[in-house]
Each structure stands twice: as structure tokens, then as C-alpha cells.
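Chemist: Input structure: upload-v9.cif, which contains mmCIF, C-alpha atoms.
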```
data_model
loop_
_atom_site.group_PDB
_atom_site.id
_atom_site.type_symbol
_atom_site.label_atom_id
_atom_site.label_comp_id
_atom_site.auth_asym_id
_atom_site.auth_seq_id
_atom_site.Cartn_x
_atom_site.Cartn_y
_atom_site.Cartn_z
ATOM 1 C CA MET Y 66 9.004 -32.004 44.358
ATOM 2 C CA PRO Y 67 10.655 -35.422 43.862
ATOM 3 C CA LYS Y 68 13.839 -35.417 41.798
ATOM 4 C CA ILE Y 69 12.308 -37.785 39.249
ATOM 5 C CA TRP Y 70 9.589 -35.215 38.382
ATOM 6 C CA ILE Y 71 12.124 -32.406 38.096
ATOM 7 C CA HIS Y 72 14.069 -34.569 35.674
ATOM 8 C CA ILE Y 73 10.956 -35.349 33.579
ATOM 9 C CA ILE Y 74 9.937 -31.668 33.396
ATOM 10 C CA LEU Y 75 13.463 -30.654 32.360
ATOM 11 C CA VAL Y 76 13.577 -33.294 29.622
ATOM 12 C CA PHE Y 77 10.154 -32.144 28.359
ATOM 13 C CA PHE Y 78 11.190 -28.510 28.008
ATOM 14 C CA LEU Y 79 14.464 -29.452 26.326
ATOM 15 C CA SER Y 80 12.512 -31.557 23.851
ATOM 16 C CA VAL Y 81 10.082 -28.724 23.158
ATOM 17 C CA GLY Y 82 12.979 -26.426 22.387
ATOM 18 C CA SER Y 83 14.515 -28.971 20.011
ATOM 19 C CA TYR Y 84 11.390 -29.937 18.088
ATOM 20 C CA GLY Y 85 9.429 -26.850 17.434
ATOM 21 C CA PHE Y 86 7.763 -24.578 19.940
ATOM 22 C CA GLY Y 87 10.921 -22.816 21.026
ATOM 23 C CA ASN Y 88 12.505 -22.610 17.566
ATOM 24 C CA ALA Y 89 9.532 -21.818 15.364
ATOM 25 C CA GLN Y 90 10.538 -20.000 12.193
ATOM 26 C CA LYS Y 91 9.675 -16.317 12.290
ATOM 27 C CA ALA Y 92 8.748 -13.997 9.477
ATOM 28 C CA VAL Y 93 11.500 -12.040 7.735
ATOM 29 C CA GLU Y 94 10.337 -8.427 7.748
ATOM 30 C CA LEU Y 95 11.090 -5.786 5.140
ATOM 31 C CA THR Y 96 11.967 -2.208 5.969
ATOM 32 C CA ASN Y 97 9.357 0.092 4.440
ATOM 33 C CA GLY Y 98 7.558 -2.554 2.400
ATOM 34 C CA SER Y 99 4.869 0.062 1.790
ATOM 35 C CA PHE Y 100 7.373 2.394 0.067
ATOM 36 C CA GLU Y 101 6.476 5.397 2.177
ATOM 37 C CA GLY Y 102 8.161 8.718 1.518
ATOM 38 C CA GLU Y 103 7.754 12.177 0.039
ATOM 39 C CA PRO Y 104 6.338 11.873 -3.503
ATOM 40 C CA HIS Y 105 9.201 12.614 -5.883
ATOM 41 C CA ASP Y 106 10.708 11.369 -9.111
ATOM 42 C CA ALA Y 107 14.086 9.604 -9.248
ATOM 43 C CA VAL Y 108 14.450 8.899 -5.535
ATOM 44 C CA ASN Y 109 14.778 5.753 -3.434
ATOM 45 C CA PRO Y 110 12.203 5.048 -0.726
ATOM 46 C CA GLU Y 111 13.729 4.827 2.731
ATOM 47 C CA GLY Y 112 15.253 1.378 3.285
ATOM 48 C CA TRP Y 113 15.817 0.711 -0.432
ATOM 49 C CA GLU Y 114 18.750 1.302 -2.789
ATOM 50 C CA SER Y 115 18.988 1.455 -6.579
ATOM 51 C CA CYS Y 116 20.854 -1.183 -8.559
ATOM 52 C CA GLY Y 117 22.717 0.546 -11.349
ATOM 53 C CA TYR Y 118 22.897 3.952 -12.977
ATOM 54 C CA ASP Y 119 19.652 3.464 -14.911
ATOM 55 C CA SER Y 120 17.579 2.692 -11.809
ATOM 56 C CA THR Y 121 15.782 5.842 -10.718
ATOM 57 C CA PRO Y 122 12.542 4.707 -9.019
ATOM 58 C CA ASP Y 123 9.738 7.117 -8.258
ATOM 59 C CA ILE Y 124 7.736 7.622 -5.060
ATOM 60 C CA LEU Y 125 4.136 8.139 -6.120
ATOM 61 C CA PRO Y 126 1.426 9.424 -6.538
ATOM 62 C CA GLY Y 127 2.089 12.828 -8.036
ATOM 63 C CA PRO Y 128 5.068 12.760 -10.391
ATOM 64 C CA TRP Y 129 4.719 11.816 -14.063
ATOM 65 C CA GLY Y 130 0.933 12.140 -14.082
ATOM 66 C CA VAL Y 131 0.369 9.114 -11.839
ATOM 67 C CA TYR Y 132 -2.533 9.697 -9.457
ATOM 68 C CA GLN Y 133 -3.745 6.271 -8.289
ATOM 69 C CA LYS Y 134 -4.385 5.993 -4.584
ATOM 70 C CA PRO Y 135 -2.073 3.702 -2.592
ATOM 71 C CA THR Y 136 -3.397 0.486 -1.071
ATOM 72 C CA HIS Y 137 -1.435 0.991 2.153
ATOM 73 C CA GLY Y 138 -0.085 4.153 3.722
ATOM 74 C CA TYR Y 139 0.331 7.333 1.694
ATOM 75 C CA THR Y 140 2.683 6.454 -1.173
ATOM 76 C CA PHE Y 141 3.804 3.600 -3.414
ATOM 77 C CA LEU Y 142 6.648 2.706 -5.778
ATOM 78 C CA GLY Y 143 6.833 3.166 -9.540
ATOM 79 C CA LEU Y 144 9.359 1.401 -11.793
ATOM 80 C CA ILE Y 145 9.752 1.772 -15.565
ATOM 81 C CA SER Y 146 11.240 -0.070 -18.515
ATOM 82 C CA ARG Y 147 12.759 1.730 -21.508
ATOM 83 C CA GLU Y 148 13.118 1.232 -25.239
ATOM 84 C CA ASN Y 149 16.938 1.041 -24.877
ATOM 85 C CA ASN Y 150 16.708 -2.325 -23.080
ATOM 86 C CA THR Y 151 17.119 -0.937 -19.555
ATOM 87 C CA TRP Y 152 14.735 -1.229 -16.637
ATOM 88 C CA GLU Y 153 14.611 -0.082 -13.021
ATOM 89 C CA THR Y 154 15.721 -2.250 -10.125
ATOM 90 C CA ILE Y 155 15.963 -1.646 -6.371
ATOM 91 C CA GLU Y 156 17.209 -3.784 -3.511
ATOM 92 C CA GLN Y 157 17.175 -4.125 0.259
ATOM 93 C CA LYS Y 158 19.533 -5.831 2.687
ATOM 94 C CA LEU Y 159 17.405 -7.851 5.099
ATOM 95 C CA ASP Y 160 17.787 -7.514 8.863
ATOM 96 C CA LYS Y 161 17.945 -11.313 9.046
ATOM 97 C CA PRO Y 162 18.493 -13.724 6.167
ATOM 98 C CA LEU Y 163 16.086 -16.038 4.453
ATOM 99 C CA LYS Y 164 17.133 -19.527 5.543
ATOM 100 C CA LYS Y 165 18.302 -22.179 3.130
ATOM 101 C CA GLY Y 166 15.698 -24.899 2.564
ATOM 102 C CA GLN Y 167 12.888 -22.907 4.177
ATOM 103 C CA CYS Y 168 9.598 -22.347 2.370
ATOM 104 C CA TYR Y 169 8.339 -18.749 2.420
ATOM 105 C CA LYS Y 170 5.223 -16.990 1.188
ATOM 106 C CA PHE Y 171 4.472 -13.303 0.630
ATOM 107 C CA THR Y 172 2.067 -10.955 -1.119
ATOM 108 C CA VAL Y 173 2.436 -7.687 -3.007
ATOM 109 C CA ASP Y 174 -0.066 -5.255 -4.529
ATOM 110 C CA LEU Y 175 0.467 -4.439 -8.208
ATOM 111 C CA SER Y 176 -1.046 -2.081 -10.752
ATOM 112 C CA ARG Y 177 -0.178 -0.119 -13.904
ATOM 113 C CA SER Y 178 -0.595 3.545 -14.741
ATOM 114 C CA PRO Y 179 -2.160 4.442 -18.110
ATOM 115 C CA ALA Y 180 -0.104 7.652 -18.074
ATOM 116 C CA TYR Y 181 3.411 7.728 -16.534
ATOM 117 C CA ALA Y 182 4.659 10.323 -19.037
ATOM 118 C CA GLY Y 183 4.378 7.908 -21.929
ATOM 119 C CA TYR Y 184 5.937 4.912 -20.174
ATOM 120 C CA ALA Y 185 2.520 3.309 -20.240
ATOM 121 C CA LYS Y 186 2.835 -0.230 -21.610
ATOM 122 C CA PRO Y 187 2.389 -3.213 -19.263
ATOM 123 C CA VAL Y 188 5.370 -5.026 -17.755
ATOM 124 C CA ARG Y 189 5.980 -7.762 -15.186
ATOM 125 C CA LEU Y 190 7.387 -7.812 -11.659
ATOM 126 C CA ARG Y 191 10.449 -9.938 -10.921
ATOM 127 C CA VAL Y 192 11.719 -10.541 -7.393
ATOM 128 C CA TRP Y 193 15.141 -12.045 -6.714
ATOM 129 C CA ALA Y 194 16.938 -13.249 -3.606
ATOM 130 C CA SER Y 195 20.707 -12.901 -3.382
ATOM 131 C CA THR Y 196 23.758 -13.413 -1.224
ATOM 132 C CA SER Y 197 25.329 -10.105 -2.270
ATOM 133 C CA SER Y 198 24.279 -6.627 -3.348
ATOM 134 C CA CYS Y 199 22.496 -6.351 -6.736
ATOM 135 C CA ASP Y 200 23.598 -9.879 -7.704
ATOM 136 C CA ARG Y 201 20.560 -11.878 -8.843
ATOM 137 C CA LYS Y 202 20.778 -15.460 -7.562
ATOM 138 C CA GLN Y 203 17.297 -17.006 -7.289
ATOM 139 C CA MET Y 204 14.135 -15.652 -8.855
ATOM 140 C CA ILE Y 205 11.506 -16.024 -6.141
ATOM 141 C CA ALA Y 206 8.594 -14.326 -7.914
ATOM 142 C CA LEU Y 207 7.513 -13.565 -11.468
ATOM 143 C CA SER Y 208 4.168 -11.887 -11.982
ATOM 144 C CA PRO Y 209 2.015 -12.054 -15.083
ATOM 145 C CA THR Y 210 2.087 -8.987 -17.309
ATOM 146 C CA ILE Y 211 0.275 -6.301 -15.294
ATOM 147 C CA GLU Y 212 -2.237 -4.779 -17.695
ATOM 148 C CA HIS Y 213 -4.866 -3.673 -15.159
ATOM 149 C CA ASN Y 214 -5.055 -0.140 -13.777
ATOM 150 C CA GLU Y 215 -6.680 -1.113 -10.472
ATOM 151 C CA TRP Y 216 -4.723 -2.627 -7.599
ATOM 152 C CA ARG Y 217 -4.661 -6.398 -7.216
ATOM 153 C CA THR Y 218 -2.910 -8.516 -4.582
ATOM 154 C CA TYR Y 219 -0.596 -11.242 -5.863
ATOM 155 C CA PRO Y 220 0.547 -14.148 -3.645
ATOM 156 C CA PHE Y 221 3.874 -15.940 -4.143
ATOM 157 C CA MET Y 222 5.648 -18.896 -2.534
ATOM 158 C CA PHE Y 223 9.207 -20.223 -2.860
ATOM 159 C CA PHE Y 224 11.854 -22.434 -1.257
ATOM 160 C CA ALA Y 225 15.147 -20.667 -0.518
ATOM 161 C CA GLU Y 226 17.934 -22.557 -2.310
ATOM 162 C CA GLU Y 227 20.593 -20.766 -0.249
ATOM 163 C CA SER Y 228 20.730 -18.453 2.740
ATOM 164 C CA TYR Y 229 19.919 -15.030 1.296
ATOM 165 C CA LYS Y 230 20.347 -11.579 2.820
ATOM 166 C CA TYR Y 231 19.327 -9.365 -0.115
ATOM 167 C CA ILE Y 232 15.995 -8.884 -1.907
ATOM 168 C CA ILE Y 233 15.908 -7.335 -5.391
ATOM 169 C CA ILE Y 234 12.736 -6.147 -7.124
ATOM 170 C CA GLU Y 235 12.485 -4.965 -10.710
ATOM 171 C CA CYS Y 236 10.154 -4.491 -13.627
ATOM 172 C CA PHE Y 237 10.696 -6.464 -16.823
ATOM 173 C CA TYR Y 238 9.185 -6.757 -20.268
ATOM 174 C CA LYS Y 239 6.338 -9.115 -21.055
ATOM 175 C CA GLU Y 240 7.173 -12.647 -22.135
ATOM 176 C CA GLY Y 241 8.332 -13.003 -25.729
ATOM 177 C CA THR Y 242 9.385 -9.376 -26.131
ATOM 178 C CA LEU Y 243 11.810 -8.871 -29.023
ATOM 179 C CA ILE Y 244 11.771 -5.067 -29.108
ATOM 180 C CA PRO Y 245 12.189 -3.239 -25.750
ATOM 181 C CA TYR Y 246 9.524 -0.681 -24.922
ATOM 182 C CA ARG Y 247 8.450 1.993 -22.437
ATOM 183 C CA GLY Y 248 6.430 0.417 -19.643
ATOM 184 C CA ASN Y 249 5.623 0.826 -15.953
ATOM 185 C CA ILE Y 250 4.545 -1.079 -12.887
ATOM 186 C CA LEU Y 251 3.193 0.253 -9.582
ATOM 187 C CA ILE Y 252 4.058 -1.600 -6.369
ATOM 188 C CA ASP Y 253 2.668 -1.287 -2.837
ATOM 189 C CA ASN Y 254 2.168 -3.205 0.399
ATOM 190 C CA PHE Y 255 4.990 -5.740 -0.016
ATOM 191 C CA SER Y 256 4.433 -8.119 2.902
ATOM 192 C CA ALA Y 257 6.899 -9.888 5.168
ATOM 193 C CA PHE Y 258 8.257 -13.266 4.115
ATOM 194 C CA GLU Y 259 6.199 -15.685 6.186
ATOM 195 C CA PRO Y 260 7.264 -19.300 6.727
ATOM 196 C CA CYS Y 261 4.879 -21.643 4.911
ATOM 197 C CA ASP Y 262 2.376 -23.610 6.978
ATOM 198 C CA ARG Y 263 3.389 -27.222 7.482
ATOM 199 C CA ALA Y 264 0.956 -30.030 6.817
#
```
If you convert what's in this file into C-alpha cells, what do you get?
Modeler:
Amino acid sequence: MPKIWIHIILVFFLSVGSYGFGNAQKAVELTNGSFEGEPHDAVNPEGWESCGYDSTPDILPGPWGVYQKPTHGYTFLGLISRENNTWETIEQKLDKPLKKGQCYKFTVDLSRSPAYAGYAKPVRLRVWASTSSCDRKQMIALSPTIEHNEWRTYPFMFFAEESYKYIIIECFYKEGTLIPYRGNILIDNFSAFEPCDRA
């Protein structure tokens, strides 16, 4: 092969690597985004850690009179809010960080239990990204108040303002709440963070 063609081919592949095909953004995966584990109250699903003394998530169904079927796998996550102005929060350190300036999209399945041992009022899901453990930096998702008892899939999209290596998920009271209350949210099938499609 003539040297000129070798040179052209080399330049082409170097250009490909610089402008896209070789460096395409990949999804940031979660560990155990389906919250699989042995059904039990006050226990963290594998891959997740509690944030604070008052965070005691439940692996469901089974405990607290919650018997909905999961949307993926065998179990799902339950978080509650309380009348003493505390609510449950868990986090995960990502295997690779969300990149600053990158657009990401993800989905999560949400529901509410009409039982949950009296913690039955509807709450919202909040998802945060952070640079350090249990330190909320950027809210990347805020759901509406989850009043329905069937599962629904909610899509979200955000631009990472910094490079983040922690994800924090929590329940929170409905908008405009002045008096804290006992509520719950059920969470399943939390997807990977996929880079947004470019136009």
C-alpha cells in the first residue's frame, strides 16, 4: 500500500477518535437499581447506604403490610416521611462519575402504599447528585406527589453542573406542606443514567 494511503487512513482513524465514534459517552450504571434483597424492614438494599440516623429504608413487599408486586425483579424499596420533620434518604457511590456539562436521562418506577403501618399519605421523590457522601449538591429529579397505588414510570433529564460521584434518593413532603406528616413512596427499576441524544 502506498505511504500516502497509509497516512490518510491513519489521519481518518485519529479524527474518528477525536470527534465521536471512539469517545462516545456511555451510560452510568447503578448497582442494584432494582433494589433486590431479602424483604425486611430497616435494612439497606445491597449497593446502597443510609444517610443519617433516621434513614431506615425497607425492602418490600412483605413488611408493614405492603404487598404490591414489584415492576422488576423480586423486591423494591420503601421510604417514609414522619410527623417529626424527618424523612428517609439513601445514597450510592457510582462506579464512574457523572460528567460535568453532560446531559443525562433516566427513568424510575414509583407508587404509594395505602397501608404502610399508617405511614400512608402521599409524598414526592427527590434525587440529588453530589461530590461527597450524603451532601446534596444538585437536585436532578423532583417527582409530583405520588398519590396513585399502581406503578407508573417517570422519566427525568438533567445537565450535570459538576462532576458527581454520588447519587442520593429520598422521599419528601408534598409542595406547600406546613405540618410534617406520615407518608410513603415505593421505588423500583431505577434505570442507568443515559447520555441524552444529540440533535
Chemist: Determine, using only C-alpha atoms, which residues of region 131-184 of chain Y have any atom at most 10 Å from an atom of region 217-225 of chain Y, and tabulate each with its shortest atom pair and distance in Å to one decimal place, rows ordered by chain and then rising number, as a tab-separated table.
Modeler:
```
residue	atom	partner	partner_atom	distance
Y:Thr136	CA	Y:Arg217	CA	9.3
Y:Leu163	CA	Y:Ala225	CA	6.9
Y:Lys164	CA	Y:Ala225	CA	6.5
Y:Lys165	CA	Y:Ala225	CA	5.1
Y:Gly166	CA	Y:Ala225	CA	5.3
Y:Gln167	CA	Y:Phe224	CA	5.6
Y:Cys168	CA	Y:Phe224	CA	4.3
Y:Tyr169	CA	Y:Phe223	CA	5.6
Y:Lys170	CA	Y:Met222	CA	4.2
Y:Phe171	CA	Y:Phe221	CA	5.5
Y:Thr172	CA	Y:Pro220	CA	4.3
Y:Val173	CA	Y:Tyr219	CA	5.5
Y:Asp174	CA	Y:Thr218	CA	4.3
Y:Leu175	CA	Y:Arg217	CA	5.6
Y:Ser176	CA	Y:Arg217	CA	6.6
```
Chemist: Just the residues within 7 Å of region 241-253 of chain Y, please, counting all atoms listed in the file, with nothing from its chain fewer than 4 positions along; format it as a ChimeraX atom specification.
Modeler: /Y:99-100,135-137,141-150,173-178,184-188,236
Chemist: Between Y:Trp152, Y:Asn254, Y:Lys161, Y:Tyr181, which is the closest to Val131 (chain Y) once you count all atoms listed in the file?
Modeler: Y:Tyr181
Chemist: What separation in Å, quoted to one decimal, exists between CA of Asn97 (chain Y) and CA of Gly112 (chain Y)?
Modeler: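 Interatomic distance, CA of Asn97 (chain Y) to CA of Gly112 (chain Y): 6.1 Å.
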Chemist: Considering all atoms listed in the file, return as a list of chain:residue names whatever protein or nucleic-acid residues lie within 8 Å of Arg189 (chain Y), sequence-local ones (same chain, fewer than 3 positions apart) excluded.
Modeler: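 After dropping sequence-adjacent residues, the list is Y:Leu207, Y:Ser208, Y:Pro209, Y:Thr210, Y:Ile211, Y:Cys236, Y:Phe237, Y:Tyr238, Y:Lys239, Y:Ile250.
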Chemist: Around the point (19.2, 1.0, -4.7) in the file's coordinates, collect all residues with an atom within 12 Å, using all atoms listed in the file, and return them as number ranges by chain.
Modeler: Y: 107-123, 153-158, 198-199, 231-235
Chemist: Please compute the CA of Tyr139 (chain Y)-CA of His105 (chain Y) distance, one decimal, in Å.
Modeler: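 Atom-to-atom, CA of Tyr139 (chain Y) and CA of His105 (chain Y) are spaced 12.8 Å apart.
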Chemist: Run the PyMOL selection byres ((chain Y and resi 195) around 7) against the file shown and list the residues it catches, as number ranges by chain.
Modeler: Y: 193-194, 196-197, 200-203, 229-232
Chemist: Rounded to one decimal in Å, what is the spacing between CA of Gln133 (chain Y) and CA of Trp216 (chain Y)?
Modeler: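 These atoms are spaced 9.0 Å apart.
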Chemist: For Gly98 (chain Y), which residue among Y:Leu190, Y:Cys261, Y:Leu159, Y:Met204 is the nearest when counting only C-alpha atoms?
Modeler: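 Distance minimum relative to Gly98 (chain Y) lands on Y:Leu159.
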Chemist: Just checking: using only C-alpha atoms, which residue out of Y:Pro260, Y:Pro179, Y:Pro104, Y:Pro162 ends up closest to Ile124 (chain Y)?
Modeler: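 Of the candidates, the smallest distance to Ile124 (chain Y) is held by Y:Pro104.
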Chemist: Smallest atom-to-atom distance to Glu215 (chain Y): which of Y:Thr151, Y:Tyr132, Y:Gly138, Y:Glu227, using only C-alpha atoms?
Modeler: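 When distances to Glu215 (chain Y) are compared using only C-alpha atoms, the smallest one comes from Y:Tyr132.
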Chemist: Return as AutoDock Vina command-line options the box centre and box size in Å, one decimal, for an axis-aligned box around all listed atoms of region 153-158 of chain Y padded by 6 Å per side.
Modeler:
```
--center_x 17.1 --center_y -3.0 --center_z -5.2 --size_x 16.9 --size_y 17.7 --size_z 27.7
```
Chemist: Looking at Y:Glu240, Y:Ser228, Y:Glu212, Y:Gly183, which one is nearest to Trp129 (chain Y), with distances taken over only C-alpha atoms?
Modeler: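 For Trp129 (chain Y), the nearest of the candidates is Y:Gly183.
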Chemist: N, CA and C atoms are what I want for region 110-124 of chain Y; can you complete it accordingly and write them as a short mmCIF file (atom, residue, chain, number, x, y, z; two decimals), in the coordinates of the input?
Modeler:
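New file selection-v6.cif:
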```cif
data_model
loop_
_atom_site.label_atom_id
_atom_site.label_comp_id
_atom_site.auth_asym_id
_atom_site.auth_seq_id
_atom_site.Cartn_x
_atom_site.Cartn_y
_atom_site.Cartn_z
N PRO Y 110 12.91 5.05 -2.01
CA PRO Y 110 12.20 5.05 -0.73
C PRO Y 110 13.17 4.66 0.40
N GLU Y 111 12.89 5.16 1.59
CA GLU Y 111 13.73 4.83 2.73
C GLU Y 111 13.82 3.32 2.89
N GLY Y 112 15.03 2.81 3.11
CA GLY Y 112 15.25 1.38 3.28
C GLY Y 112 15.61 0.65 2.01
N TRP Y 113 15.56 1.32 0.87
CA TRP Y 113 15.82 0.71 -0.43
C TRP Y 113 16.93 1.45 -1.16
N GLU Y 114 17.68 0.71 -2.00
CA GLU Y 114 18.75 1.30 -2.79
C GLU Y 114 18.60 0.89 -4.25
N SER Y 115 19.03 1.76 -5.15
CA SER Y 115 18.99 1.46 -6.58
C SER Y 115 20.10 0.49 -6.96
N CYS Y 116 19.83 -0.31 -7.98
CA CYS Y 116 20.85 -1.18 -8.56
C CYS Y 116 21.19 -0.66 -9.94
N GLY Y 117 22.27 0.07 -10.05
CA GLY Y 117 22.72 0.55 -11.35
C GLY Y 117 22.34 1.98 -11.64
N TYR Y 118 23.06 2.55 -12.60
CA TYR Y 118 22.90 3.95 -12.98
C TYR Y 118 21.51 4.23 -13.54
N ASP Y 119 20.94 3.25 -14.25
CA ASP Y 119 19.65 3.46 -14.91
C ASP Y 119 18.46 3.22 -13.99
N SER Y 120 18.68 2.95 -12.74
CA SER Y 120 17.58 2.69 -11.81
C SER Y 120 17.28 3.94 -11.00
N THR Y 121 16.20 4.60 -11.38
CA THR Y 121 15.78 5.84 -10.72
C THR Y 121 14.30 5.72 -10.37
N PRO Y 122 13.96 4.95 -9.35
CA PRO Y 122 12.54 4.71 -9.02
C PRO Y 122 11.85 6.00 -8.58
N ASP Y 123 10.54 5.95 -8.63
CA ASP Y 123 9.74 7.12 -8.26
C ASP Y 123 8.84 6.78 -7.08
N ILE Y 124 8.71 7.74 -6.15
CA ILE Y 124 7.74 7.62 -5.06
C ILE Y 124 6.48 8.36 -5.50
#
```
